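First the structure, in the form of structure tokens, and then the observations on it.
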Amino acid sequence: MSARRLGPALASVAALLLAGCGSGSHGNSLTLYNGQHEQTTAKLVRAFERETGIKVEVRSADEATLGNQILQEQGNSPADIFYSENTPVLELLRERGLLAPVAAGTLAAVPRRYDSAQGDWVGVSARVSALVYNRAQLGGAKPPSSLLELASPRWRGKVGFAPSETDFQPLVTAIEKLDGKQAAERWLSALKSDGKIYPDNETVVAQVNNGQSALGPINHYYWYRLRAEEGAGGTHSALQYYAPGDPGDLVDVSGAAVLKSSSHQAAAQRFLAFLLSARGQQILARSDSFEYPLRPGVPPAAGLRPLASLRPNSLTPAELGDGTGPLEMEQRLGLL
């Protein structure tokens with residue numbers, strides 16, 4: 001499942017702010033709106049149900065679609081919990097006052113920089129922005145160490161990217177924050193004119209691996225998942241991590257929140273606590289999502305660089321914002 005694509009529902013700020021009536025009343029089980037990987041979430045839910053006896057109904061879709069649905073449902077949402085692949089949607093819901101404070105003990109389970117600054121959502125796992133490149137296509141040339149280099153004439157016609165992915169918006173925000181809005185617009189314009197647009201990051205990593213594009217910006221786990229599926233013999237690509245502090249050198253956070261409208265606050269808070277428990281984080285680390293658990297002391301999947309060894313730029317989830325700025329810029333430039 002590619003849970004990060006931005007469909008028409010989040011194509012504009014106006015669409016994001018639509019208000020409407022939700023349908024539902026709560027039953028005896030928790031309802032989870034899930035924008036994360038379905039297989040990983042299913043494992044977490046099964047373990048939580050066994051441990052607590054609390055049933056969880058999972059409704060999975062793109063996080064953008066689910067975020068917009070919560071905005072429309074407002075206080076009538078049947079959801080108790082929202083589990084998102086990226087933080088901008090969580091930030092948007094926080095700004096609209098739709099999230100309940102997360103229990104202090106749950107927030108304390110992970111480093112503070114990975115949580116909502118206001119304590120309304122909690123970081124669960126992380127992915128690292130990276131560059132996938134085809135070894136044969138580069139012919140021994142060194143891949144870029146900066147995200148900004150993708151707009152260089154040197155890589156004209158060789159870059160594949162997925163502008164509709166919600167993983168992509170933080171990259172645009174990072175360029176704007178660190179190098180200015182004009183730099184972000186120039187970078188996007190160059191990619192539009194000289195690159196190849198793909199529908200999602202799964203397609204980016206597959207097309208780079210088969211040589212249709214030479215390189216492309218993704219999050220690290222897409223490549224690890226491809227390698228697990230294709231095996232060493234079918235993997236013709238590699239990962240390049242950006243230079244420390246580069247706009248592309250981001251740690252993207254997946255997070256979860258309890259909706260303020262939930263009538264099962266205690267049980268919903270218990271689910272969030274389970275996600276950040278040692279057991280929940282170990283389930284995540286051993287899944288096929290290849291994400292980094294955020295609880296200290298829980299190692300990631302074998303082969304991943306230790307999260308503590310990475311030196312990403314200093315931008316926090318709050319500084320990466322709610323994604324509306326990059327969306328407007330991409331729309332204006334005709335990328336969406």
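Letters A, B, ... mark the chains of the structure tokens in the order given; residue numbers begin at 1 per chain; ligand numbers begin at 1, in order shown.
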Tell me, as a list in words, which residues lie within 7 Å of stretch 42-47 of chain A, counting only C-alpha atoms; anything in the same chain fewer than 5 positions away does not count.
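Listed by chain and then number, they are Val56, Gly280 and Ile283 of chain A.
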Would you put the residues from that selection into a file with C-alpha atoms, as an mmCIF file, in the first residue's frame?
```cif
data_model
loop_
_atom_site.group_PDB
_atom_site.id
_atom_site.type_symbol
_atom_site.label_atom_id
_atom_site.label_comp_id
_atom_site.auth_asym_id
_atom_site.auth_seq_id
_atom_site.Cartn_x
_atom_site.Cartn_y
_atom_site.Cartn_z
ATOM 1 C CA VAL A 56 -10.018 -2.531 16.986
ATOM 2 C CA GLY A 280 4.851 -2.631 20.019
ATOM 3 C CA ILE A 283 6.751 -5.683 16.291
#
```
Can you pull out every residue within 6 Å of A:Gly255, counting only C-alpha atoms, but drop anything in the same chain fewer than 5 positions away, and send it as a ChimeraX atom specification?
/A:83-84,122-124
Please provide the set of residues having any atom within 8 Å of A:Tyr33, restricted to only C-alpha atoms, with same-chain residues fewer than 5 positions apart removed, written as number ranges by chain.
A: 58-61, 66, 79-83
Write a file of the selected residues as a short mmCIF file (atom, residue, chain, number, x, y, z; two decimals), in the first residue's frame, keeping C-alpha atoms.
```cif
data_model
loop_
_atom_site.label_atom_id
_atom_site.label_comp_id
_atom_site.auth_asym_id
_atom_site.auth_seq_id
_atom_site.Cartn_x
_atom_site.Cartn_y
_atom_site.Cartn_z
CA VAL A 58 -9.28 -0.74 11.13
CA ARG A 59 -10.23 1.49 8.22
CA SER A 60 -7.23 1.91 5.92
CA ALA A 61 -6.74 4.44 3.14
CA LEU A 66 -8.39 9.98 5.93
CA ALA A 79 -12.67 7.32 14.46
CA ASP A 80 -11.04 7.10 17.86
CA ILE A 81 -7.44 7.05 16.61
CA PHE A 82 -5.62 8.33 13.55
CA TYR A 83 -2.33 6.63 12.57
#
```
Output as a PyMOL selection string all residues of stretch 100-326 of chain A that backbone DSSP marks as alpha helix (DSSP H).
chain A and resi 104-107+135-138+169-179+181-194+201-209+220-234+265-276+278-285+317-320+324-326
Residue among A:Ser262, A:Thr87, A:Gln240, A:Ser289 lying closest to A:Thr316, counting only C-alpha atoms:
A:Thr87
For the atom pair atom CA of A:Glu330 and atom CA of A:Leu188, what is the interatomic distance in Å to one decimal place?
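Going from atom CA of A:Glu330 over to atom CA of A:Leu188 covers 7.6 Å.
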Here is a test: counting only C-alpha atoms, which residue of A:Thr203, A:Thr166, A:Asn134, A:Ser77 is nearest to A:Gly35?
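Selected residue with least distance to A:Gly35: A:Thr166.
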Report as a ChimeraX atom specification all protein, DNA and RNA residues lying within 12 Å of A:Val89, evaluated on only C-alpha atoms, omitting residues in the same chain fewer than 6 positions from it.
/A:4-6,10,16,35,62-71,82-83,95-96,98-99,116,121,166-167,169-170,253-257,317-318,320-324
